[in-house]
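J.: Contents of run07.txt (compact mmCIF, C-alpha atoms and all ligand atoms) are given next:
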```txt
# COMPACT_ATOMS: atom_id res chain seq x y z
CA MET A 3 306.54 78.96 95.34
CA GLY A 4 305.14 76.04 97.34
CA ARG A 5 304.00 76.55 100.90
CA GLN A 6 306.90 74.64 102.41
CA ASP A 7 309.22 77.00 100.57
CA ALA A 8 307.73 80.10 102.17
CA PRO A 9 310.29 82.14 104.10
CA ALA A 10 310.55 80.64 107.57
CA ASN A 11 310.54 84.01 109.21
CA ALA A 12 307.03 84.59 107.83
CA HIS A 13 307.69 88.24 107.14
CA GLU A 14 304.74 89.96 105.61
CA LYS A 15 304.93 90.19 101.88
CA ILE A 16 305.07 93.66 100.41
CA THR A 17 301.58 95.04 100.06
CA TYR A 18 300.85 97.89 97.75
CA SER A 19 298.21 100.51 98.43
CA GLU A 20 295.11 100.31 96.28
CA GLU A 21 295.38 103.80 94.83
CA VAL A 22 298.55 102.83 92.95
CA GLU A 23 297.24 99.54 91.64
CA ILE A 24 297.83 100.59 88.05
CA ILE A 25 301.52 100.07 88.75
CA VAL A 26 302.11 96.43 89.63
CA PRO A 27 305.55 94.92 90.25
CA ALA A 28 306.44 91.63 88.56
CA ALA A 29 304.85 88.49 89.99
CA ARG A 30 308.27 87.22 91.09
CA MET A 31 308.48 90.07 93.61
CA ALA A 32 305.78 88.35 95.66
CA ASP A 33 308.38 85.69 96.51
CA LEU A 34 310.66 88.24 98.15
CA PRO A 35 310.22 88.97 101.84
CA PRO A 36 311.46 92.38 103.03
CA TYR A 37 315.22 92.16 103.63
CA LEU A 38 315.61 91.23 107.28
CA PHE A 39 317.99 93.97 108.29
CA LEU A 40 315.80 96.67 106.80
CA GLU A 41 313.09 95.46 109.19
CA LEU A 42 315.41 95.37 112.20
CA ASP A 43 316.69 98.87 111.40
CA ARG A 44 313.14 100.11 111.22
CA LEU A 45 312.27 98.62 114.62
CA ALA A 46 315.44 100.00 116.20
CA ASP A 47 314.71 103.43 114.71
CA SER A 48 311.22 103.46 116.14
CA ARG A 49 312.74 102.77 119.62
CA ARG A 50 315.26 105.55 119.09
CA GLN A 51 312.45 107.93 118.21
CA LEU A 52 311.03 107.20 121.66
CA GLY A 53 314.32 108.58 122.97
CA ARG A 54 315.83 105.16 123.79
CA ASP A 55 319.54 104.45 123.45
CA VAL A 56 319.51 101.33 121.27
CA ILE A 57 322.54 99.02 121.05
CA ASN A 58 322.63 97.32 117.66
CA LEU A 59 324.04 93.80 117.70
CA GLY A 60 321.99 92.91 114.65
CA VAL A 61 323.63 93.42 111.29
CA GLY A 62 327.12 91.95 110.74
CA ASP A 63 328.73 95.24 109.79
CA PRO A 64 332.15 95.97 111.35
CA ASP A 65 332.21 99.12 113.50
CA LEU A 66 336.01 99.45 113.16
CA PRO A 67 337.51 101.82 110.56
CA THR A 68 339.07 100.79 107.23
CA PRO A 69 342.87 100.79 107.80
CA ASP A 70 344.61 104.07 106.92
CA TYR A 71 346.95 102.61 104.31
CA ILE A 72 343.93 101.51 102.28
CA ILE A 73 342.28 104.92 102.54
CA ARG A 74 345.53 106.55 101.40
CA ALA A 75 345.70 104.25 98.37
CA MET A 76 342.09 105.12 97.55
CA THR A 77 342.78 108.86 97.85
CA GLU A 78 345.69 108.61 95.44
CA ALA A 79 343.64 106.47 93.06
CA LEU A 80 340.87 109.08 93.08
CA HIS A 81 343.27 111.68 91.74
CA ARG A 82 344.19 109.57 88.73
CA GLN A 83 341.81 110.71 86.04
CA ILE A 84 341.98 107.44 84.11
CA ASN A 85 340.14 105.85 87.03
CA HIS A 86 337.11 108.06 86.45
CA ARG A 87 336.13 106.15 83.33
CA TYR A 88 334.27 102.84 83.06
CA PRO A 89 336.19 100.06 84.77
CA ASN A 90 337.16 96.73 83.23
CA TYR A 91 333.99 94.60 83.51
CA LEU A 92 335.75 91.61 85.01
CA GLY A 93 338.27 93.45 87.15
CA SER A 94 341.54 95.04 85.96
CA SER A 95 344.34 92.64 85.15
CA ASP A 96 346.29 94.14 88.08
CA PHE A 97 343.38 93.39 90.39
CA ARG A 98 342.98 89.83 89.17
CA ARG A 99 346.73 89.20 89.39
CA ALA A 100 346.74 90.57 92.96
CA VAL A 101 343.92 88.19 93.91
CA ALA A 102 345.79 85.23 92.40
CA ALA A 103 349.00 86.25 94.19
CA TRP A 104 347.09 86.51 97.47
CA TYR A 105 345.54 83.04 97.05
CA GLN A 106 349.03 81.67 96.43
CA LYS A 107 350.42 83.33 99.53
CA ARG A 108 347.46 82.83 101.85
CA PHE A 109 346.17 79.39 100.81
CA ASP A 110 348.95 77.98 98.63
CA VAL A 111 346.38 77.81 95.81
CA THR A 112 347.54 78.60 92.26
CA LEU A 113 344.98 80.47 90.15
CA ASP A 114 345.05 81.61 86.53
CA SER A 115 344.27 85.31 86.92
CA VAL A 116 342.62 85.49 83.48
CA ASP A 117 340.29 82.48 83.58
CA GLU A 118 339.85 81.79 87.26
CA VAL A 119 339.30 85.20 88.87
CA VAL A 120 336.53 87.77 88.45
CA GLY A 121 336.04 91.01 90.40
CA LEU A 122 332.70 91.61 92.11
CA ILE A 123 330.77 94.57 93.52
CA GLY A 124 330.76 92.68 96.82
CA SER A 125 330.17 88.94 97.29
CA LYS A 126 326.44 89.47 97.60
CA GLU A 127 326.30 90.66 94.01
CA GLY A 128 328.41 87.74 92.79
CA ILE A 129 326.44 85.14 94.74
CA ALA A 130 323.17 86.39 93.27
CA HIS A 131 324.45 86.55 89.71
CA LEU A 132 326.24 83.22 89.84
CA ILE A 133 322.90 81.61 90.74
CA TRP A 134 321.28 83.36 87.77
CA ALA A 135 324.13 82.22 85.55
CA MET A 136 324.03 78.59 86.67
CA ALA A 137 320.50 77.55 87.70
CA GLY A 138 317.00 77.82 86.29
CA PRO A 139 313.64 76.06 86.10
CA GLY A 140 313.94 72.33 86.78
CA ASP A 141 317.23 72.69 88.66
CA LEU A 142 317.78 72.10 92.36
CA VAL A 143 320.13 74.25 94.40
CA LEU A 144 321.32 72.79 97.70
CA VAL A 145 321.08 75.51 100.33
CA PRO A 146 321.95 75.27 104.02
CA ASP A 147 319.37 76.15 106.66
CA PRO A 148 320.08 78.39 108.55
CA ALA A 149 322.03 80.48 106.03
CA TYR A 150 322.76 83.89 104.61
CA PRO A 151 319.38 84.56 102.93
CA VAL A 152 320.71 85.43 99.47
CA TYR A 153 321.43 81.81 98.41
CA ARG A 154 317.80 80.87 98.81
CA THR A 155 315.99 84.03 97.68
CA GLN A 156 318.01 84.30 94.48
CA THR A 157 317.46 80.61 93.74
CA VAL A 158 313.72 81.15 93.98
CA LEU A 159 313.88 84.32 91.87
CA ALA A 160 315.91 82.52 89.20
CA GLY A 161 313.12 79.95 88.95
CA ALA A 162 315.13 77.07 90.40
CA MET A 163 314.18 75.09 93.53
CA PRO A 164 316.09 75.38 96.78
CA TYR A 165 316.71 72.06 98.55
CA ARG A 166 317.13 72.59 102.29
CA MET A 167 320.11 71.09 104.07
CA PRO A 168 319.52 71.45 107.81
CA LEU A 169 322.54 72.53 109.89
CA LEU A 170 322.14 70.86 113.27
CA PRO A 171 324.13 71.54 116.44
CA GLY A 172 324.72 67.81 116.91
CA LEU A 173 326.65 67.69 113.63
CA GLY A 174 328.62 70.86 114.32
CA PHE A 175 326.31 72.81 111.99
CA LEU A 176 327.65 70.93 108.95
CA PRO A 177 325.06 69.55 106.50
CA ASP A 178 324.74 65.77 106.39
CA LEU A 179 325.70 65.32 102.73
CA GLY A 180 325.24 61.55 103.00
CA ALA A 181 321.58 62.04 103.92
CA ILE A 182 320.77 63.83 100.65
CA PRO A 183 318.99 61.36 98.33
CA GLU A 184 320.73 60.30 95.14
CA SER A 185 317.78 61.62 93.09
CA VAL A 186 318.36 65.07 94.60
CA TRP A 187 322.09 65.01 93.82
CA ARG A 188 321.23 64.13 90.23
CA LYS A 189 318.99 67.17 89.80
CA ALA A 190 321.26 69.53 91.72
CA LYS A 191 323.21 72.25 89.90
CA MET A 192 324.83 74.00 92.85
CA LEU A 193 325.77 73.30 96.46
CA TRP A 194 326.21 76.31 98.75
CA LEU A 195 328.53 76.20 101.73
CA ASN A 196 329.81 79.00 103.97
CA TYR A 197 332.54 78.25 106.53
CA PRO A 198 333.41 79.93 108.82
CA ASN A 199 329.65 80.16 109.00
CA ASN A 200 327.18 82.98 109.28
CA PRO A 201 325.01 82.75 111.39
CA THR A 202 326.23 79.81 113.51
CA GLY A 203 329.94 80.70 113.86
CA ALA A 204 330.76 77.07 112.98
CA THR A 205 333.91 76.06 111.11
CA ALA A 206 334.39 73.13 108.71
CA PRO A 207 337.30 70.71 108.90
CA SER A 208 339.14 70.10 105.61
CA SER A 209 337.81 66.53 105.68
CA PHE A 210 334.27 67.86 105.34
CA LEU A 211 335.24 70.15 102.44
CA ALA A 212 336.95 67.16 100.80
CA GLU A 213 333.76 65.10 101.14
CA ALA A 214 331.78 67.94 99.53
CA VAL A 215 334.25 68.17 96.64
CA GLU A 216 334.09 64.41 96.17
CA ARG A 217 330.29 64.34 95.99
CA CYS A 218 330.14 67.36 93.69
CA ARG A 219 332.63 65.65 91.36
CA THR A 220 330.51 62.50 91.37
CA TYR A 221 327.29 64.31 90.47
CA ASP A 222 328.63 67.27 88.40
CA VAL A 223 327.44 69.85 90.90
CA LEU A 224 329.04 73.29 91.22
CA LEU A 225 330.33 73.67 94.78
CA CYS A 226 330.01 77.32 95.80
CA HIS A 227 331.95 78.27 98.89
CA ASP A 228 331.26 81.65 100.46
CA ASN A 229 334.45 82.41 102.39
CA ALA A 230 333.43 85.86 103.69
CA TYR A 231 334.91 85.10 107.14
CA ALA A 232 338.17 83.48 106.00
CA GLU A 233 340.28 85.93 107.99
CA MET A 234 338.17 86.26 111.12
CA SER A 235 339.29 83.52 113.49
CA PHE A 236 340.66 83.06 117.00
CA ASP A 237 342.70 80.88 119.29
CA GLY A 238 345.08 79.74 116.53
CA TYR A 239 342.39 78.54 114.12
CA ARG A 240 343.08 79.38 110.45
CA ALA A 241 340.26 78.92 107.94
CA PRO A 242 341.01 77.03 104.72
CA SER A 243 339.98 77.73 101.14
CA VAL A 244 337.89 75.02 99.48
CA LEU A 245 340.34 75.27 96.58
CA GLU A 246 343.05 73.75 98.77
CA ILE A 247 341.29 70.40 98.28
CA PRO A 248 342.87 68.43 95.41
CA GLY A 249 340.55 68.38 92.39
CA ALA A 250 338.39 71.21 93.76
CA ARG A 251 338.92 73.57 90.85
CA ASP A 252 337.12 71.11 88.56
CA VAL A 253 333.89 71.73 90.49
CA ALA A 254 334.30 74.61 92.93
CA VAL A 255 334.21 78.38 93.09
CA GLU A 256 334.93 80.48 96.15
CA PHE A 257 333.87 83.98 97.12
CA TYR A 258 336.46 86.12 98.88
CA SER A 259 335.38 89.52 100.18
CA TRP A 260 337.25 92.59 101.45
CA SER A 261 334.16 93.60 103.47
CA LYS A 262 334.70 91.87 106.79
CA PRO A 263 338.52 91.41 106.95
CA PHE A 264 339.38 95.01 106.04
CA ASN A 265 336.27 96.73 107.46
CA MET A 266 335.25 97.71 103.93
CA THR A 267 331.58 96.74 103.79
CA GLY A 268 330.64 100.09 102.24
CA TRP A 269 333.30 99.91 99.53
CA ARG A 270 331.69 96.98 97.70
CA VAL A 271 334.56 94.83 96.49
CA ALA A 272 335.06 91.06 96.37
CA ALA A 273 336.22 88.34 93.98
CA ALA A 274 334.99 84.96 92.79
CA VAL A 275 337.75 82.45 92.05
CA GLY A 276 338.02 78.87 90.86
CA ASN A 277 336.26 76.79 88.22
CA SER A 278 336.78 78.58 84.90
CA ILE A 279 333.42 77.65 83.38
CA ALA A 280 331.48 79.10 86.29
CA ILE A 281 333.75 82.17 86.43
CA LYS A 282 333.23 82.76 82.71
CA ALA A 283 329.44 82.40 83.00
CA LEU A 284 329.40 84.81 85.93
CA GLY A 285 331.56 87.29 84.03
CA LEU A 286 329.30 87.12 80.99
CA MET A 287 326.19 87.60 83.13
CA LYS A 288 327.80 90.58 84.86
CA SER A 289 328.93 92.19 81.64
CA HIS A 290 325.25 92.45 80.70
CA LEU A 291 324.25 93.79 84.11
CA ASP A 292 326.84 96.09 85.61
CA SER A 293 330.04 97.78 84.56
CA GLY A 294 332.45 96.47 87.14
CA VAL A 295 333.99 97.76 90.35
CA PHE A 296 335.11 101.42 90.44
CA THR A 297 338.79 101.20 89.41
CA ALA A 298 339.91 103.35 92.34
CA VAL A 299 338.28 100.82 94.68
CA GLN A 300 340.07 98.01 92.85
CA GLU A 301 343.38 99.85 93.38
CA ALA A 302 342.60 100.23 97.08
CA ALA A 303 341.73 96.52 97.25
CA ILE A 304 345.09 95.63 95.68
CA ALA A 305 346.84 97.87 98.22
CA ALA A 306 344.93 96.11 101.01
CA LEU A 307 346.36 92.74 99.96
CA GLU A 308 349.85 94.01 99.22
CA GLY A 309 350.25 95.96 102.46
CA ASN A 310 350.54 93.90 105.60
CA PRO A 311 347.09 92.28 105.79
CA GLU A 312 348.14 89.66 108.36
CA ALA A 313 348.89 92.46 110.84
CA VAL A 314 345.47 93.99 110.11
CA PHE A 315 343.73 90.66 110.73
CA GLU A 316 345.68 90.06 113.92
CA ARG A 317 344.73 93.43 115.41
CA MET A 318 341.12 93.03 114.36
CA ASN A 319 340.80 89.49 115.67
CA ALA A 320 342.27 90.54 119.03
CA VAL A 321 339.48 93.10 119.35
CA TYR A 322 336.73 90.62 118.42
CA ARG A 323 338.18 87.96 120.69
CA THR A 324 337.99 90.25 123.72
CA ARG A 325 334.44 91.18 122.82
CA ARG A 326 333.50 87.56 122.26
CA ASP A 327 334.78 86.51 125.67
CA LEU A 328 333.10 89.44 127.38
CA LEU A 329 329.72 88.54 125.88
CA VAL A 330 329.97 84.79 126.30
CA ASP A 331 330.90 85.29 129.99
CA GLY A 332 328.20 87.84 130.65
CA LEU A 333 325.40 85.98 128.89
CA THR A 334 326.41 82.70 130.50
CA LYS A 335 325.98 84.40 133.88
CA ALA A 336 322.46 85.28 132.74
CA GLU A 337 321.88 81.53 132.29
CA LEU A 338 321.97 81.60 128.52
CA VAL A 339 323.87 78.74 126.89
CA VAL A 340 326.31 80.52 124.56
CA PRO A 341 328.98 78.46 122.79
CA THR A 342 332.35 80.14 122.11
CA PRO A 343 332.95 80.35 118.33
CA LYS A 344 336.49 79.99 117.00
CA ALA A 345 335.70 82.09 113.93
CA THR A 346 333.37 84.90 112.70
CA PHE A 347 332.06 87.73 114.86
CA TYR A 348 328.78 86.00 115.65
CA LEU A 349 327.39 84.32 118.73
CA TRP A 350 324.64 81.79 117.98
CA PHE A 351 322.63 80.52 120.92
CA ALA A 352 319.26 79.13 121.95
CA THR A 353 316.55 81.58 123.04
CA PRO A 354 315.85 81.86 126.78
CA ARG A 355 312.79 80.28 128.41
CA ALA A 356 311.62 78.47 125.27
CA MET A 357 310.69 81.73 123.56
CA THR A 358 310.42 81.73 119.79
CA SER A 359 313.19 83.63 117.99
CA ALA A 360 310.82 86.49 117.20
CA GLU A 361 309.59 86.68 120.80
CA ALA A 362 313.13 86.72 122.16
CA SER A 363 314.28 89.36 119.67
CA LYS A 364 311.30 91.55 120.57
CA PHE A 365 311.92 90.93 124.27
CA PHE A 366 315.54 92.11 124.12
CA LEU A 367 314.65 95.11 121.99
CA GLU A 368 311.84 96.23 124.29
CA GLU A 369 313.29 95.25 127.66
CA ALA A 370 317.02 95.77 127.02
CA ASP A 371 317.05 98.22 124.08
CA THR A 372 319.34 95.76 122.33
CA VAL A 373 318.91 94.52 118.77
CA VAL A 374 319.52 90.77 118.55
CA THR A 375 318.75 88.97 115.28
CA PRO A 376 316.04 86.25 115.37
CA GLY A 377 317.56 83.00 114.11
CA SER A 378 314.35 82.19 112.26
CA ALA A 379 315.28 84.88 109.74
CA TYR A 380 317.97 82.51 108.42
CA GLY A 381 315.62 79.60 107.80
CA GLU A 382 313.29 77.16 109.56
CA GLN A 383 316.17 75.53 111.35
CA GLY A 384 317.08 78.84 112.96
CA GLU A 385 313.81 78.89 114.92
CA GLY A 386 314.57 78.90 118.63
CA TRP A 387 317.98 80.56 118.11
CA LEU A 388 319.38 84.08 118.28
CA ARG A 389 322.38 85.70 116.65
CA ILE A 390 324.52 88.47 118.12
CA ALA A 391 327.10 90.37 116.06
CA LEU A 392 330.12 91.66 118.00
CA THR A 393 330.01 95.00 116.24
CA GLU A 394 329.87 97.52 119.09
CA SER A 395 332.65 98.75 121.39
CA GLU A 396 333.55 96.89 124.57
CA ASP A 397 331.81 99.56 126.68
CA ARG A 398 328.64 99.25 124.67
CA LEU A 399 328.77 95.47 124.79
CA ARG A 400 329.20 95.58 128.56
CA LEU A 401 326.13 97.79 128.77
CA ALA A 402 324.19 95.42 126.50
CA VAL A 403 325.11 92.47 128.72
CA GLU A 404 324.00 94.33 131.86
CA ARG A 405 320.70 95.22 130.27
CA MET A 406 320.10 91.71 128.98
CA GLN A 407 320.95 90.22 132.37
CA ALA A 408 318.56 92.65 134.08
CA ALA A 409 315.77 91.96 131.58
CA LEU A 410 316.13 88.20 132.06
CA SER A 411 316.26 88.35 135.85
CA ALA A 412 313.05 90.39 135.84
CA LEU A 413 311.24 87.49 134.17
CA PRO A 414 309.34 85.09 136.42
CA ARG A 415 311.37 81.90 137.04
CA ALA A 416 310.77 79.25 134.44
C1 LIG B 1 328.67 89.68 104.97
C2 LIG B 1 328.46 88.47 104.15
C3 LIG B 1 328.54 88.52 102.76
C4 LIG B 1 328.55 89.84 102.02
O1 LIG B 1 329.74 90.22 101.61
P1 LIG B 1 329.89 91.47 100.63
O2 LIG B 1 331.19 91.17 99.98
O3 LIG B 1 329.90 92.68 101.50
O4 LIG B 1 328.75 91.49 99.67
C5 LIG B 1 328.47 87.35 102.04
N1 LIG B 1 328.26 86.19 102.65
C6 LIG B 1 328.13 86.10 103.98
C7 LIG B 1 327.86 84.78 104.61
C8 LIG B 1 328.20 87.25 104.76
O5 LIG B 1 328.00 87.16 106.08
```
Show how you would write the structure in this file as structure tokens.
T.:
Amino acid sequence: MGRQDAPANAHEKITYSEEVEIIVPAARMADLPPYLFLELDRLADSRRQLGRDVINLGVGDPDLPTPDYIIRAMTEALHRQINHRYPNYLGSSDFRRAVAAWYQKRFDVTLDSVDEVVGLIGSKEGIAHLIWAMAGPGDLVLVPDPAYPVYRTQTVLAGAMPYRMPLLPGLGFLPDLGAIPESVWRKAKMLWLNYPNNPTGATAPSSFLAEAVERCRTYDVLLCHDNAYAEMSFDGYRAPSVLEIPGARDVAVEFYSWSKPFNMTGWRVAAAVGNSIAIKALGLMKSHLDSGVFTAVQEAAIAALEGNPEAVFERMNAVYRTRRDLLVDGLTKAELVVPTPKATFYLWFATPRAMTSAEASKFFLEEADTVVTPGSAYGEQGEGWLRIALTESEDRLRLAVERMQAALSALPRA
């Protein structure tokens, strides 16, 4: 891996003690930084061990419970003995039909449940394995910066080269596809997009998705849209599927996850839908790697979609919206410049007093006992930014705001 490809967050590489040097992990492991949230958890734990009450606004993991009707469906599914055996590798036909029916209802997108849907053990698993299935040495993979780290780390592991697309505030955190050289498009195998976006909270207008589809059709690039936050939006905004764009299925796949919309991060269930060649390659790759999603979890996932998911999303979004407004107000009073996102449960804002991301994250942990993610962990372009996840109760968020305000006002004036 070239120097300019080194992880922007400059985490230390794993070092192994000398006494175990007879056991050496594969060379490719040297390209993997420690997973960010493991590091943040470790830091927060060391504060807690000092007896501090730490508020964790770091990892994007919903604090709200999985809805009861889904838990009931899971409980019933657990008692059906047939579910205790190996699942269907690609997802049961009931599961795939339920996903297709949901895409019809939610996005007005018609999918063939046999060829255009595959079940996943969470989107993260599918994202990683789709990269392995589609890209290798000599291939470029277009990856946004900042972004969910998996797109880039798995590209590097698979021996392909990530090509950075900066997401700049001036362009609404959309990549400038027109600025990517023709020679790059010609070598590219995949283009990764994620709107509503983690970490910036940005959304993409359909016109941008249409431009991406158009360019991917021109250059035979697989457009991979990670739609993990499709259902988390506010103020009347409704996020689209990339497959709504005419002609998209010729070049695009989309990842849809139960994790964030149904508070099911621990359950590990998602689906990849769209382009049948990519779906088939992913399914083949997976059949050699894992044995599918626990069938009881698939049954619960079907129940989630067939219950009244819109009511679930509405209740959930009302909670996040209140939290969002509380934090944006409070942090603005502390003279931080915090834009109001219309989707996702993230706030993305510039660090105070020209601190680096790492300095600011350390500052808020030590002076406010609050975990805030350094933007630099999502790529070079995230340097100078911070991300907050709205995943604590209103009371806890209020306390976090008070502490952050106090910590900032104790700093000498800039
Ligand atoms: C949370 C998240 C995921 C992970 O989803 P799982 O289905 O739980 O693996 C994928 N992509 C983005 C951008 C996320 O924020």
J.: Please provide as a count of residues only all residues within 8 Å of segment 268-275 of chain A, with the sequence filter that same-chain residues fewer than 4 positions apart are discarded (counting only C-alpha atoms).
T.: 23
J.: Considering only C-alpha atoms, can you say which of A:Val186, A:Ile304, A:Leu176, A:Met287 comes closest to Pro148 of chain A?
T.: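 Of A:Val186, A:Ile304, A:Leu176, A:Met287, the one nearest Pro148 of chain A, counting only C-alpha atoms, is A:Leu176.
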J.: Counting only C-alpha atoms, what is within 12 Å of Thr324 of chain A, bar same-chain residues fewer than 4 positions away, as a VMD selection string?
T.: chain A and resid 236 to 237 317 to 320 328 to 331 342 347 392 to 397 399 to 400
J.: Taking all atoms of ligand LIG 1 (chain B) that appear in the file, build a box with edges along x, y and z, extend it by 3 Å on every side, and state its centre and edge lengths in Å to one decimal, as AutoDock Vina command-line options.
T.:
```
--center_x 329.5 --center_y 88.7 --center_z 102.9 --size_x 9.3 --size_y 13.9 --size_z 12.4
```
J.: Closest to ligand LIG 1 (chain B) among A:Leu388, A:Ala241, A:Met31, A:Val61, using all atoms listed in the file?
T.: A:Val61
J.: Mind listing as JSON, numbers by chain all residues within 10 Å of (322.5, 93.3, 130.3), counting all atoms listed in the file?
T.: {"A": [329, 332, 333, 336, 366, 369, 370, 371, 372, 399, 400, 401, 402, 403, 404, 405, 406, 407, 408, 409, 410, 411]}
J.: Go ahead and dump the residues you just picked, C-alpha atoms, as a PDB file, in the coordinates of the input.
T.:
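File written: part.pdb
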```
ATOM      1  CA  LEU A 329     329.720  88.540 125.880  1.00  0.00           C
ATOM      2  CA  GLY A 332     328.200  87.840 130.650  1.00  0.00           C
ATOM      3  CA  LEU A 333     325.400  85.980 128.890  1.00  0.00           C
ATOM      4  CA  ALA A 336     322.460  85.280 132.740  1.00  0.00           C
ATOM      5  CA  PHE A 366     315.540  92.110 124.120  1.00  0.00           C
ATOM      6  CA  GLU A 369     313.290  95.250 127.660  1.00  0.00           C
ATOM      7  CA  ALA A 370     317.020  95.770 127.020  1.00  0.00           C
ATOM      8  CA  ASP A 371     317.050  98.220 124.080  1.00  0.00           C
ATOM      9  CA  THR A 372     319.340  95.760 122.330  1.00  0.00           C
ATOM     10  CA  LEU A 399     328.770  95.470 124.790  1.00  0.00           C
ATOM     11  CA  ARG A 400     329.200  95.580 128.560  1.00  0.00           C
ATOM     12  CA  LEU A 401     326.130  97.790 128.770  1.00  0.00           C
ATOM     13  CA  ALA A 402     324.190  95.420 126.500  1.00  0.00           C
ATOM     14  CA  VAL A 403     325.110  92.470 128.720  1.00  0.00           C
ATOM     15  CA  GLU A 404     324.000  94.330 131.860  1.00  0.00           C
ATOM     16  CA  ARG A 405     320.700  95.220 130.270  1.00  0.00           C
ATOM     17  CA  MET A 406     320.100  91.710 128.980  1.00  0.00           C
ATOM     18  CA  GLN A 407     320.950  90.220 132.370  1.00  0.00           C
ATOM     19  CA  ALA A 408     318.560  92.650 134.080  1.00  0.00           C
ATOM     20  CA  ALA A 409     315.770  91.960 131.580  1.00  0.00           C
ATOM     21  CA  LEU A 410     316.130  88.200 132.060  1.00  0.00           C
ATOM     22  CA  SER A 411     316.260  88.350 135.850  1.00  0.00           C
TER      23      SER A 411
END
```
J.: From the list A:Val215, A:Ala283, A:Pro311, A:Ser95, which residue is nearest Asp114 of chain A when using all atoms listed in the file?
T.: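 Among the listed residues, the smallest separation from Asp114 of chain A belongs to A:Ser95.
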J.: Using atom CA of Ala305 of chain A and atom CA of Ala391 of chain A as the two end points, give the distance in Å to one decimal.
T.: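 About the pair atom CA of Ala305 of chain A and atom CA of Ala391 of chain A: they are 27.6 Å apart.
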J.: If we count all atoms listed in the file, what is near Arg219 of chain A at a cut-off of 10 Å, once residues fewer than 4 positions away on the same chain are taken out, given as a list in words?
T.: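 My list of contacting residues is Glu213, Ala214, Val215, Val223, Leu224, Leu225, Gly249, Ala250, Asp252, Val253 and Ala254 of chain A.
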J.: Could you dump the residues just selected with C-alpha atoms as an mmCIF file, keeping the file's coordinate frame?
T.:
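Wrote selection_11.cif, looks like this:
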```cif
data_model
loop_
_atom_site.group_PDB
_atom_site.id
_atom_site.type_symbol
_atom_site.label_atom_id
_atom_site.label_comp_id
_atom_site.auth_asym_id
_atom_site.auth_seq_id
_atom_site.Cartn_x
_atom_site.Cartn_y
_atom_site.Cartn_z
ATOM 1 C CA GLU A 213 333.760 65.100 101.140
ATOM 2 C CA ALA A 214 331.780 67.940 99.530
ATOM 3 C CA VAL A 215 334.250 68.170 96.640
ATOM 4 C CA VAL A 223 327.440 69.850 90.900
ATOM 5 C CA LEU A 224 329.040 73.290 91.220
ATOM 6 C CA LEU A 225 330.330 73.670 94.780
ATOM 7 C CA GLY A 249 340.550 68.380 92.390
ATOM 8 C CA ALA A 250 338.390 71.210 93.760
ATOM 9 C CA ASP A 252 337.120 71.110 88.560
ATOM 10 C CA VAL A 253 333.890 71.730 90.490
ATOM 11 C CA ALA A 254 334.300 74.610 92.930
#
```
J.: By how many Å are atom CA of Tyr348 of chain A and atom CA of Asp147 of chain A apart?
T.: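 Atom CA of Asp147 of chain A lies 16.3 Å from atom CA of Tyr348 of chain A.
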J.: Just how far from atom CA of Ala149 of chain A is atom CA of Leu34 of chain A, in Å to one decimal?
T.: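 About the pair atom CA of Leu34 of chain A and atom CA of Ala149 of chain A: they are 15.9 Å apart.
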